[in-house]
>>> print(open('query.txt').read())   # compact mmCIF, C-alpha atoms and all ligand atoms
# COMPACT_ATOMS: atom_id res chain seq x y z
CA MET A 161 13.72 -11.66 138.99
CA ASP A 162 14.92 -8.19 139.96
CA ILE A 163 18.28 -6.44 139.84
CA ASN A 164 18.98 -7.26 143.50
CA LYS A 165 19.19 -10.90 142.49
CA LEU A 166 21.90 -9.95 140.01
CA GLY A 167 23.97 -8.57 142.86
CA PHE A 168 22.73 -4.96 142.96
CA ASN A 169 23.24 -4.46 146.70
CA ASP A 170 23.34 -1.50 149.09
CA TRP A 171 26.87 -0.64 148.02
CA PHE A 172 25.72 -0.01 144.43
CA LYS A 173 22.51 1.71 145.60
CA GLU A 174 24.70 4.16 147.51
CA LYS A 175 26.93 4.73 144.48
CA GLN A 176 23.88 5.31 142.28
CA LYS A 177 23.30 8.60 144.12
CA GLU A 178 26.65 9.87 142.86
CA LEU A 179 25.88 9.16 139.21
CA GLN A 180 24.81 11.93 136.89
CA ARG A 181 22.03 10.42 134.80
CA VAL A 182 18.73 10.30 136.66
CA ASP A 183 16.90 9.36 133.45
CA CYS A 184 18.64 5.98 133.31
CA SER A 185 18.24 2.69 135.12
CA PRO A 186 20.83 0.13 136.24
CA ALA A 187 21.63 -3.08 134.38
CA ARG A 188 24.51 -5.53 134.49
CA VAL A 189 26.91 -6.28 131.64
CA THR A 190 26.80 -10.02 130.90
CA ALA A 191 28.98 -10.12 127.77
CA VAL A 192 31.25 -7.91 125.74
CA ASP A 193 32.00 -8.71 122.12
CA ARG A 194 34.08 -5.90 120.63
CA GLU A 195 31.72 -2.96 120.26
CA SER A 196 28.60 -4.88 121.21
CA TYR A 197 27.39 -5.53 124.73
CA LEU A 198 24.83 -7.80 126.34
CA ILE A 199 23.15 -6.50 129.48
CA HIS A 200 20.69 -8.01 131.95
CA ASN A 201 18.22 -5.92 133.93
CA GLY A 202 16.71 -8.66 136.04
CA SER A 203 13.98 -9.54 133.57
CA VAL A 204 15.60 -9.73 130.14
CA GLU A 205 19.01 -9.95 128.54
CA ILE A 206 19.31 -7.57 125.60
CA ARG A 207 21.88 -6.03 123.30
CA ALA A 208 23.38 -2.65 124.17
CA GLU A 209 25.89 -0.14 122.87
CA LEU A 210 27.90 2.67 124.42
CA SER A 211 26.70 6.25 124.11
CA GLY A 212 28.97 8.49 122.05
CA ASN A 213 29.64 10.58 125.13
CA LEU A 214 30.81 7.60 127.19
CA LEU A 215 32.97 6.38 124.34
CA TYR A 216 34.67 9.69 123.59
CA ASN A 217 35.10 10.98 127.12
CA THR A 218 36.52 7.86 128.71
CA ALA A 219 40.21 8.33 129.41
CA SER A 220 41.29 4.69 129.33
CA ILE A 221 39.92 1.54 127.76
CA ASN A 222 39.95 0.04 131.26
CA ASP A 223 37.27 2.53 132.32
CA LEU A 224 34.83 1.26 129.71
CA PRO A 225 32.24 -1.34 130.80
CA ALA A 226 33.49 -4.91 131.23
CA VAL A 227 31.70 -8.13 132.08
CA GLY A 228 30.17 -7.87 135.53
CA ASP A 229 30.00 -4.09 135.51
CA TRP A 230 26.88 -2.20 136.52
CA VAL A 231 25.87 0.43 133.99
CA ASN A 232 23.21 3.13 133.68
CA VAL A 233 21.14 2.57 130.54
CA GLN A 234 18.28 3.96 128.49
CA TYR A 235 15.97 1.66 126.55
CA TYR A 236 14.89 1.83 122.89
CA ASP A 237 12.79 -0.23 120.50
CA ASP A 238 10.25 -1.35 123.13
CA GLY A 239 13.00 -2.30 125.55
CA THR A 240 14.79 -4.64 123.16
CA PHE A 241 17.90 -2.48 122.83
CA ALA A 242 19.75 -0.15 125.20
CA ILE A 243 22.31 2.63 125.21
CA ILE A 244 24.86 2.57 128.02
CA HIS A 245 25.42 6.09 129.36
CA GLU A 246 27.36 5.61 132.55
CA LEU A 247 29.50 3.13 134.46
CA PHE A 248 29.00 2.47 138.17
CA PRO A 249 32.08 2.46 140.40
CA ARG A 250 33.53 -1.05 140.73
CA LYS A 251 33.47 -2.96 143.99
CA SER A 252 36.22 -5.27 142.76
CA LEU A 253 38.22 -5.58 139.57
CA LEU A 254 40.16 -8.46 138.07
CA GLN A 255 42.82 -7.23 135.68
CA ARG A 256 45.99 -8.64 134.25
CA LYS A 257 49.10 -7.30 132.64
CA THR A 258 48.76 -7.66 128.90
CA SER A 259 51.29 -9.74 127.03
CA GLY A 260 54.10 -8.08 125.16
CA ARG A 261 56.58 -5.51 126.30
CA ASP A 262 54.23 -2.62 126.90
CA VAL A 263 53.08 -2.57 130.46
CA ASP A 264 49.36 -2.16 130.36
CA TYR A 265 46.48 -3.76 132.11
CA GLN A 266 43.51 -5.53 130.69
CA VAL A 267 40.28 -5.80 132.59
CA ILE A 268 39.04 -9.37 132.96
CA ALA A 269 35.85 -8.85 134.93
CA ALA A 270 34.34 -6.44 137.42
CA ASN A 271 32.40 -6.92 140.64
CA ILE A 272 33.44 -10.52 141.21
CA ASP A 273 33.01 -11.91 144.74
CA ILE A 274 35.05 -15.09 144.43
CA ALA A 275 37.52 -16.17 141.73
CA PHE A 276 38.03 -19.87 141.08
CA ILE A 277 41.65 -20.38 140.04
CA LEU A 278 41.77 -23.62 138.03
CA GLN A 279 44.78 -25.78 137.33
CA SER A 280 44.54 -29.30 135.96
CA CYS A 281 46.37 -32.27 137.46
CA ASP A 282 48.47 -32.79 134.32
CA GLU A 283 51.35 -30.73 132.84
CA ASN A 284 49.34 -27.61 133.56
CA PHE A 285 50.01 -27.87 137.29
CA ASN A 286 52.53 -25.16 138.20
CA ILE A 287 52.89 -23.55 141.60
CA HIS A 288 54.57 -20.39 140.33
CA ARG A 289 51.71 -19.76 137.94
CA LEU A 290 49.31 -20.37 140.79
CA GLU A 291 51.13 -17.75 142.85
CA ARG A 292 50.79 -15.24 140.02
CA TYR A 293 47.06 -15.84 139.81
CA LEU A 294 46.75 -15.44 143.57
CA VAL A 295 48.53 -12.10 143.42
CA MET A 296 46.25 -10.90 140.65
CA VAL A 297 43.09 -12.00 142.42
CA ASN A 298 44.08 -10.60 145.82
CA ASP A 299 45.04 -7.35 144.20
CA GLY A 300 41.57 -7.02 142.67
CA GLN A 301 39.93 -7.29 146.11
CA VAL A 302 38.50 -10.67 145.10
CA LYS A 303 38.57 -13.80 147.25
CA PRO A 304 40.51 -16.65 145.60
CA VAL A 305 39.59 -20.35 145.71
CA ILE A 306 42.02 -22.89 144.24
CA ILE A 307 40.53 -25.74 142.24
CA LEU A 308 42.57 -28.65 140.86
CA THR A 309 40.68 -30.12 137.89
CA LYS A 310 40.83 -33.49 136.10
CA LYS A 311 41.68 -35.38 139.26
CA ASP A 312 40.65 -38.54 137.39
CA LEU A 313 44.00 -38.30 135.57
CA VAL A 314 46.11 -38.89 138.71
CA SER A 315 46.20 -41.28 141.64
CA GLU A 316 45.00 -40.20 145.06
CA ASP A 317 48.65 -40.25 146.22
CA ASP A 318 49.78 -37.92 143.43
CA LEU A 319 46.88 -35.62 144.15
CA ALA A 320 47.75 -35.50 147.85
CA LEU A 321 51.33 -34.66 146.92
CA MET A 322 50.22 -31.76 144.69
CA ILE A 323 48.05 -30.38 147.45
CA SER A 324 50.81 -30.64 150.04
CA ASN A 325 53.25 -28.99 147.60
CA ILE A 326 50.86 -26.06 147.37
CA GLN A 327 50.54 -25.85 151.12
CA ASN A 328 54.29 -26.25 151.68
CA THR A 329 55.01 -23.14 149.66
CA GLY A 330 52.98 -21.20 152.22
CA ILE A 331 49.77 -20.80 150.26
CA LEU A 332 47.07 -20.87 152.91
CA ASN A 333 43.96 -20.84 150.69
CA SER A 334 41.85 -23.98 150.66
CA VAL A 335 42.34 -26.29 147.70
CA TYR A 336 39.48 -28.24 146.10
CA ALA A 337 40.02 -31.15 143.74
CA ILE A 338 37.39 -32.06 141.17
CA SER A 339 36.71 -34.13 138.11
CA THR A 340 33.92 -33.32 135.69
CA ARG A 341 34.36 -36.85 134.28
CA SER A 342 33.68 -38.72 137.52
CA GLU A 343 31.78 -35.75 139.00
CA ALA A 344 33.99 -36.04 142.09
CA GLY A 345 34.17 -32.89 144.18
CA LEU A 346 31.54 -30.99 142.20
CA ASP A 347 29.26 -30.79 145.23
CA SER A 348 31.95 -28.97 147.18
CA VAL A 349 32.15 -26.32 144.44
CA THR A 350 28.37 -25.94 144.33
CA ALA A 351 28.38 -25.56 148.09
CA LEU A 352 30.70 -22.55 147.77
CA MET A 353 28.28 -20.69 145.53
CA ASN A 354 25.43 -18.52 146.79
CA ALA A 355 22.54 -16.83 145.02
CA GLY A 356 23.19 -13.21 144.11
CA LYS A 357 26.97 -13.62 144.28
CA THR A 358 29.30 -13.56 141.28
CA TYR A 359 32.08 -16.07 140.63
CA CYS A 360 34.75 -16.09 137.95
CA LEU A 361 36.63 -18.98 136.33
CA LEU A 362 40.33 -18.29 135.75
CA GLY A 363 43.11 -20.50 134.43
CA SER A 364 45.06 -21.59 131.37
CA SER A 365 43.36 -22.75 128.20
CA GLY A 366 42.22 -26.36 128.45
CA VAL A 367 42.05 -26.71 132.24
CA GLY A 368 38.30 -27.29 132.02
CA LYS A 369 36.70 -23.94 132.87
CA THR A 370 33.85 -24.21 130.36
CA THR A 371 33.36 -27.90 131.13
CA LEU A 372 32.87 -26.98 134.80
CA LEU A 373 30.42 -24.23 133.84
CA ASN A 374 28.45 -26.71 131.71
CA CYS A 375 28.37 -29.17 134.63
CA LEU A 376 27.06 -26.52 136.98
CA LEU A 377 24.47 -25.52 134.37
CA GLY A 378 23.37 -29.13 134.04
CA SER A 379 23.45 -28.84 130.26
CA GLY A 380 26.35 -28.70 127.88
CA SER A 381 25.57 -25.45 126.18
CA PHE A 382 28.98 -23.83 125.84
CA GLU A 383 31.67 -25.12 123.52
CA THR A 384 34.64 -27.08 124.88
CA GLN A 385 37.56 -28.73 123.06
CA ASP A 386 40.13 -31.44 123.69
CA VAL A 387 43.57 -30.36 124.80
CA ARG A 388 46.51 -31.27 122.55
CA ALA A 389 47.55 -34.80 123.45
CA PHE A 390 51.32 -34.28 123.40
CA ASP A 391 51.59 -31.38 125.83
CA SER A 392 48.13 -31.01 127.41
CA LYS A 393 47.86 -27.45 126.10
CA GLY A 394 44.39 -26.09 125.40
CA ARG A 395 43.16 -24.68 122.10
CA HIS A 396 41.69 -21.38 123.27
CA THR A 397 38.12 -22.49 122.72
CA THR A 398 36.34 -19.80 124.70
CA THR A 399 36.87 -16.44 123.02
CA ARG A 400 34.75 -14.04 125.03
CA ARG A 401 33.96 -13.37 128.65
CA GLN A 402 30.43 -14.22 129.55
CA LEU A 403 28.37 -14.03 132.72
CA THR A 404 25.88 -16.86 133.12
CA ILE A 405 23.11 -16.98 135.70
CA LEU A 406 22.83 -20.46 137.19
CA GLU A 407 19.58 -21.99 138.31
CA SER A 408 20.69 -21.56 141.93
CA GLY A 409 20.83 -17.79 141.37
CA ALA A 410 24.63 -17.69 141.58
CA MET A 411 26.38 -16.02 138.66
CA LEU A 412 29.45 -17.43 136.94
CA VAL A 413 31.80 -15.65 134.53
CA ASP A 414 33.68 -17.90 132.09
CA THR A 415 36.83 -16.41 130.60
CA PRO A 416 39.13 -17.39 127.74
CA GLY A 417 42.26 -19.17 128.96
CA MET A 418 45.15 -16.80 129.30
CA ARG A 419 48.11 -17.29 127.03
CA GLU A 420 50.40 -15.92 129.67
CA LEU A 421 49.93 -14.30 132.98
CA GLY A 422 52.52 -11.58 133.06
CA ALA A 423 54.17 -10.14 136.10
CA ILE A 424 51.67 -8.39 138.23
CA GLY A 425 52.76 -4.88 139.01
CA MET A 426 50.96 -4.22 142.24
CA SER A 427 52.63 -4.59 145.56
CA ASP A 428 49.33 -4.84 147.40
CA GLY A 429 48.51 -8.18 145.85
CA ILE A 430 52.02 -9.47 146.46
CA SER A 431 51.97 -8.73 150.14
CA GLN A 432 48.64 -10.52 150.51
CA SER A 433 49.58 -13.77 148.84
CA PHE A 434 53.10 -13.66 150.25
CA SER A 435 52.09 -12.43 153.66
CA ASP A 436 54.73 -14.62 155.37
CA ALA A 437 57.59 -13.22 153.30
CA ALA A 438 56.15 -9.70 153.23
CA ASN A 439 55.88 -9.63 157.03
CA LEU A 440 59.46 -10.79 157.37
CA ALA A 441 60.59 -8.06 154.97
CA LEU A 442 59.19 -5.48 157.39
CA GLU A 443 61.75 -6.64 159.95
CA CYS A 444 64.77 -6.11 157.69
CA LYS A 445 67.34 -3.65 159.04
CA PHE A 446 67.27 -1.49 155.91
CA THR A 447 64.00 -0.32 154.37
CA ASN A 448 65.43 -0.60 150.84
CA CYS A 449 66.73 -4.11 151.54
CA THR A 450 67.03 -6.25 148.40
CA HIS A 451 66.96 -9.37 150.64
CA THR A 452 70.16 -10.75 149.14
CA THR A 453 73.44 -9.64 150.74
CA GLU A 454 72.46 -7.04 153.33
CA THR A 455 73.23 -7.55 157.00
CA GLY A 456 70.14 -7.77 159.17
CA CYS A 457 67.93 -9.14 156.39
CA ALA A 458 65.04 -10.98 158.03
CA LEU A 459 64.25 -12.94 154.88
CA VAL A 460 67.74 -14.37 154.54
CA ALA A 461 67.72 -15.21 158.26
CA ALA A 462 64.41 -17.05 157.89
CA LEU A 463 65.73 -18.84 154.84
CA GLU A 464 68.79 -19.98 156.76
CA ASP A 465 66.93 -21.35 159.76
CA GLY A 466 64.26 -22.97 157.59
CA ARG A 467 61.23 -20.81 158.49
CA LEU A 468 61.04 -19.83 154.82
CA SER A 469 61.50 -22.31 152.00
CA ARG A 470 64.01 -21.53 149.26
CA GLU A 471 61.30 -21.84 146.61
CA ARG A 472 59.05 -19.37 148.36
CA TYR A 473 61.97 -17.01 148.97
CA GLU A 474 62.90 -17.07 145.30
CA SER A 475 59.40 -16.49 143.98
CA PHE A 476 58.93 -13.61 146.41
CA LEU A 477 62.16 -12.00 145.20
CA LYS A 478 61.27 -12.56 141.58
CA LEU A 479 57.75 -11.21 141.88
CA SER A 480 58.70 -8.19 143.93
CA THR A 481 61.47 -7.14 141.53
CA GLU A 482 59.16 -7.50 138.56
CA SER A 483 56.53 -5.60 140.46
CA ASN A 484 58.81 -2.65 141.22
CA PHE A 485 59.89 -2.51 137.63
CA HIS A 486 56.40 -2.67 136.20
CA GLU A 487 54.91 -0.18 138.59
CA MET A 488 57.44 2.36 137.46
CA SER A 489 56.99 1.83 133.77
CA TYR A 490 53.25 1.53 134.09
CA LEU A 491 53.06 5.12 135.33
CA GLU A 492 55.29 6.28 132.51
CA LYS A 493 53.35 4.49 129.84
CA ARG A 494 49.89 5.22 131.12
CA GLN A 495 49.51 8.30 128.92
CA LYS A 496 49.63 6.58 125.59
CA ASP A 497 47.09 3.86 125.46
CA ARG A 498 47.55 2.52 121.98
CA ASP A 499 44.87 -0.12 122.35
CA PHE A 500 42.38 2.53 123.24
CA GLY A 501 43.19 4.54 120.12
CA LYS A 502 42.58 1.46 118.00
CA TYR A 503 39.35 0.72 119.84
CA ILE A 504 38.02 4.24 119.26
CA LYS A 505 38.71 3.88 115.54
CA THR A 506 36.66 0.70 115.15
CA MET A 507 33.87 2.16 117.26
CA LYS A 508 33.70 5.29 115.11
CA LYS A 509 33.52 3.15 112.01
CA SER A 510 30.70 1.03 113.38
CA MET A 511 28.76 4.11 114.52
CA LYS A 512 28.76 5.54 110.98
CA LYS A 513 26.96 2.44 109.70
N1 LIG A 601 40.04 -36.12 132.02
C1 LIG A 601 39.32 -35.01 132.20
N2 LIG A 601 39.17 -34.14 131.20
C2 LIG A 601 38.45 -33.03 131.41
C3 LIG A 601 37.86 -32.74 132.67
N3 LIG A 601 37.23 -31.55 132.60
C4 LIG A 601 37.41 -31.11 131.33
N4 LIG A 601 38.13 -31.99 130.60
C5 LIG A 601 38.51 -31.88 129.19
O1 LIG A 601 39.46 -30.84 129.00
C6 LIG A 601 39.30 -30.27 127.69
C7 LIG A 601 39.28 -28.75 127.78
O2 LIG A 601 38.13 -28.33 128.50
P1 LIG A 601 37.48 -26.88 128.35
O3 LIG A 601 36.35 -26.81 129.32
O4 LIG A 601 37.18 -26.55 126.93
O5 LIG A 601 38.70 -25.95 128.83
P2 LIG A 601 38.69 -24.35 129.05
O6 LIG A 601 39.43 -24.12 130.33
O7 LIG A 601 37.32 -23.80 128.97
O8 LIG A 601 39.60 -23.85 127.83
P3 LIG A 601 39.56 -22.45 127.02
O9 LIG A 601 38.14 -22.13 126.70
O10 LIG A 601 40.40 -22.70 125.82
O11 LIG A 601 40.20 -21.43 127.94
C8 LIG A 601 38.03 -30.88 127.14
O12 LIG A 601 38.37 -31.90 126.23
C9 LIG A 601 37.34 -31.45 128.33
O13 LIG A 601 36.53 -32.58 128.02
C10 LIG A 601 38.02 -33.72 133.72
O14 LIG A 601 37.54 -33.55 134.85
N5 LIG A 601 38.77 -34.82 133.44
MG MG A 602 36.47 -22.44 127.72
ZN ZN A 603 65.79 -8.14 153.59
>>> encode(input="query.txt", output="structure tokens", more="lines below")
Ligand SMILES: Nc1nc2c(ncn2[C@@H]2O[C@H](COP(=O)(O)OP(=O)(O)OP(=O)(O)O)[C@@H](O)[C@H]2O)c(=O)[nH]1
Ligand SMILES: [Mg+2]
Ligand SMILES: [Zn+2]
Amino acid sequence: MDINKLGFNDWFKEKQKELQRVDCSPARVTAVDRESYLIHNGSVEIRAELSGNLLYNTASINDLPAVGDWVNVQYYDDGTFAIIHELFPRKSLLQRKTSGRDVDYQVIAANIDIAFILQSCDENFNIHRLERYLVMVNDGQVKPVIILTKKDLVSEDDLALMISNIQNTGILNSVYAISTRSEAGLDSVTALMNAGKTYCLLGSSGVGKTTLLNCLLGSGSFETQDVRAFDSKGRHTTTRRQLTILESGAMLVDTPGMRELGAIGMSDGISQSFSDAANLALECKFTNCTHTTETGCALVAALEDGRLSRERYESFLKLSTESNFHEMSYLEKRQKDRDFGKYIKTMKKSMKK
């Protein structure tokens, strides 16, 4: 195996010329566990740590290596340990707004080609949440694929209704339905995955991300746990992000279920997953139209003559107001990255050891 098989393509080769360290070689981050990293260089997966320089001179925690990142490393101890000196530019980046009132972003994974957005066919199914995930994924320059899991829990009619509900809200992405219990639909997921490409599993805790990974691996090697019976909520079983290389040569990143997916503060992603509404908004008479009471509002007109559903109209309004708000405060709050300060402290402590 060589690094090309891990996704090191011409794009990264080109970027390598811009990096500073010529005494290093590229490797891919496969797991991050606080201050400790796992990297793969095409032949072995080994432990790695950040160089002091990288740690101290990185402006934001989001610029430190994440799962999926390409890094420039130097080897020690007969190649069993490495120091990460530099981060390659990212071809794509999945990040979410962190929970709480501070508007900050948390990197989920880097250099992902396709994100599988999972929702299960029980109480977890929620179109508004799905829309938020789509915004996040589109914004990160990643291609989304929607997967409904646990289809064994519902009738074919109910499943068809869920799928048409998704399509009726104007979401144009294809929807796959699977069950790891009956193995239905698993082939169609495998067929989407190609060697050398990187995929990411996203979705609430308990939707079956790790179970799907285990199915694709053909062996149950990662821990899964029952959802709570009374409300179908998961138990946050997976605690770290991890990139696994499948036998087919495709790579799959499992992530911990997100407690909440906050408002996404990037208008780019919104206009992509709401392209119908966003295109209409361009035709409004006033450029600062709030799409509520203004004369000549194209959105309201479309709502009235039925070209735009009320549901879709409302989620577009909601998301775009949140987005404007968060974009503003994000810029203001960018300076003080409290998480980063905390992170530096633990790193310094562990380096003294
Ligand atoms: N009925 C049914 N249950 C499933 C299916 N797939 C997974 N499950 C069950 O759902 C529960 C949660 O699965 P996990 O794979 O741990 O969920 P997860 O998305 O990885 O959850 P976190 O790691 O907490 O984010 C487990 O009890 C699985 O056995 C399915 O296709 N049908
Ligand atoms: Mg899991
Ligand atoms: Zn308008």
>>> closest_residue(input="query.txt", among="A:Leu179, A:Val314, A:Leu362, A:Ile274", to="Leu247 (chain A)", atoms="only C-alpha atoms")
A:Leu179
>>> residues_near_point(input="query.txt", point="(57.0, -5.7, 154.2)", cutoff="12 Å", atoms="only C-alpha atoms", output="JSON, numbers by chain")
{"A": [427, 428, 430, 431, 432, 434, 435, 436, 437, 438, 439, 440, 441, 442, 443, 444, 445, 446, 447, 448, 449, 450, 451, 457, 458, 459, 476, 480]}
>>> residues_around(input="query.txt", residues="Ile307 (chain A)", least_positions_apart="6", cutoff="6 Å", atoms="all atoms listed in the file", output="PyMOL selection string")
chain A and resi 277-278+335-337
>>> closest_residue(input="query.txt", among="A:Gly466, A:Glu471, A:Gln279, A:Val460", to="ligand ZN 603 (chain A)", atoms="all atoms listed in the file")
A:Val460
>>> closest_residue(input="query.txt", among="A:Ser348, A:Ser408, A:Asn333, A:Ser280", to="ligand LIG 601 (chain A)", atoms="only C-alpha atoms and all ligand atoms")
A:Ser280
>>> build_atoms(input="query.txt", residues="region 169-198 of chain A", atoms="N, CA and C atoms", output="CSV table (one decimal), in the coordinates of the input")
chain,number,residue,atom,x,y,z
A,169,ASN,N,23.4,-4.6,145.2
A,169,ASN,CA,23.2,-4.5,146.7
A,169,ASN,C,23.3,-3.0,147.2
A,170,ASP,N,23.3,-2.8,148.5
A,170,ASP,CA,23.3,-1.5,149.1
A,170,ASP,C,24.5,-0.7,148.6
A,171,TRP,N,25.7,-1.4,148.4
A,171,TRP,CA,26.9,-0.6,148.0
A,171,TRP,C,26.6,0.1,146.7
A,172,PHE,N,26.0,-0.6,145.7
A,172,PHE,CA,25.7,0.0,144.4
A,172,PHE,C,24.6,1.0,144.5
A,173,LYS,N,23.6,0.7,145.4
A,173,LYS,CA,22.5,1.7,145.6
A,173,LYS,C,23.1,3.0,146.1
A,174,GLU,N,24.1,3.0,147.0
A,174,GLU,CA,24.7,4.2,147.5
A,174,GLU,C,25.4,4.9,146.4
A,175,LYS,N,26.1,4.1,145.6
A,175,LYS,CA,26.9,4.7,144.5
A,175,LYS,C,26.0,5.4,143.4
A,176,GLN,N,24.8,4.8,143.3
A,176,GLN,CA,23.9,5.3,142.3
A,176,GLN,C,23.6,6.8,142.5
A,177,LYS,N,23.6,7.2,143.8
A,177,LYS,CA,23.3,8.6,144.1
A,177,LYS,C,24.3,9.5,143.6
A,178,GLU,N,25.6,9.0,143.3
A,178,GLU,CA,26.6,9.9,142.9
A,178,GLU,C,26.7,10.0,141.3
A,179,LEU,N,25.9,9.1,140.7
A,179,LEU,CA,25.9,9.2,139.2
A,179,LEU,C,25.1,10.4,138.7
A,180,GLN,N,25.4,10.7,137.4
A,180,GLN,CA,24.8,11.9,136.9
A,180,GLN,C,23.4,11.7,136.2
A,181,ARG,N,23.2,10.6,135.6
A,181,ARG,CA,22.0,10.4,134.8
A,181,ARG,C,20.9,9.9,135.6
A,182,VAL,N,19.9,10.8,135.9
A,182,VAL,CA,18.7,10.3,136.7
A,182,VAL,C,17.7,9.7,135.8
A,183,ASP,N,17.9,9.9,134.4
A,183,ASP,CA,16.9,9.4,133.4
A,183,ASP,C,17.3,8.0,133.0
A,184,CYS,N,18.2,7.3,133.7
A,184,CYS,CA,18.6,6.0,133.3
A,184,CYS,C,18.3,5.0,134.4
A,185,SER,N,18.4,3.7,134.1
A,185,SER,CA,18.2,2.7,135.1
A,185,SER,C,19.4,1.7,135.1
A,186,PRO,N,19.7,1.0,136.2
A,186,PRO,CA,20.8,0.1,136.2
A,186,PRO,C,20.6,-1.2,135.6
A,187,ALA,N,21.7,-1.7,135.0
A,187,ALA,CA,21.6,-3.1,134.4
A,187,ALA,C,23.0,-3.6,134.5
A,188,ARG,N,23.2,-4.9,134.3
A,188,ARG,CA,24.5,-5.5,134.5
A,188,ARG,C,25.0,-6.1,133.2
A,189,VAL,N,26.3,-5.8,132.9
A,189,VAL,CA,26.9,-6.3,131.6
A,189,VAL,C,27.2,-7.8,131.8
A,190,THR,N,26.6,-8.6,130.8
A,190,THR,CA,26.8,-10.0,130.9
A,190,THR,C,27.8,-10.5,129.8
A,191,ALA,N,28.0,-9.7,128.8
A,191,ALA,CA,29.0,-10.1,127.8
A,191,ALA,C,29.4,-8.9,127.0
A,192,VAL,N,30.7,-9.0,126.6
A,192,VAL,CA,31.2,-7.9,125.7
A,192,VAL,C,31.9,-8.6,124.5
A,193,ASP,N,31.4,-8.2,123.3
A,193,ASP,CA,32.0,-8.7,122.1
A,193,ASP,C,32.4,-7.5,121.2
A,194,ARG,N,33.6,-7.1,121.3
A,194,ARG,CA,34.1,-5.9,120.6
A,194,ARG,C,33.2,-4.7,121.0
A,195,GLU,N,32.5,-4.2,120.0
A,195,GLU,CA,31.7,-3.0,120.3
A,195,GLU,C,30.3,-3.2,120.8
A,196,SER,N,30.0,-4.5,120.8
A,196,SER,CA,28.6,-4.9,121.2
A,196,SER,C,28.5,-5.5,122.6
A,197,TYR,N,27.5,-5.1,123.3
A,197,TYR,CA,27.4,-5.5,124.7
A,197,TYR,C,26.1,-6.3,124.9
A,198,LEU,N,26.1,-7.2,125.9
A,198,LEU,CA,24.8,-7.8,126.3
A,198,LEU,C,24.6,-7.3,127.8
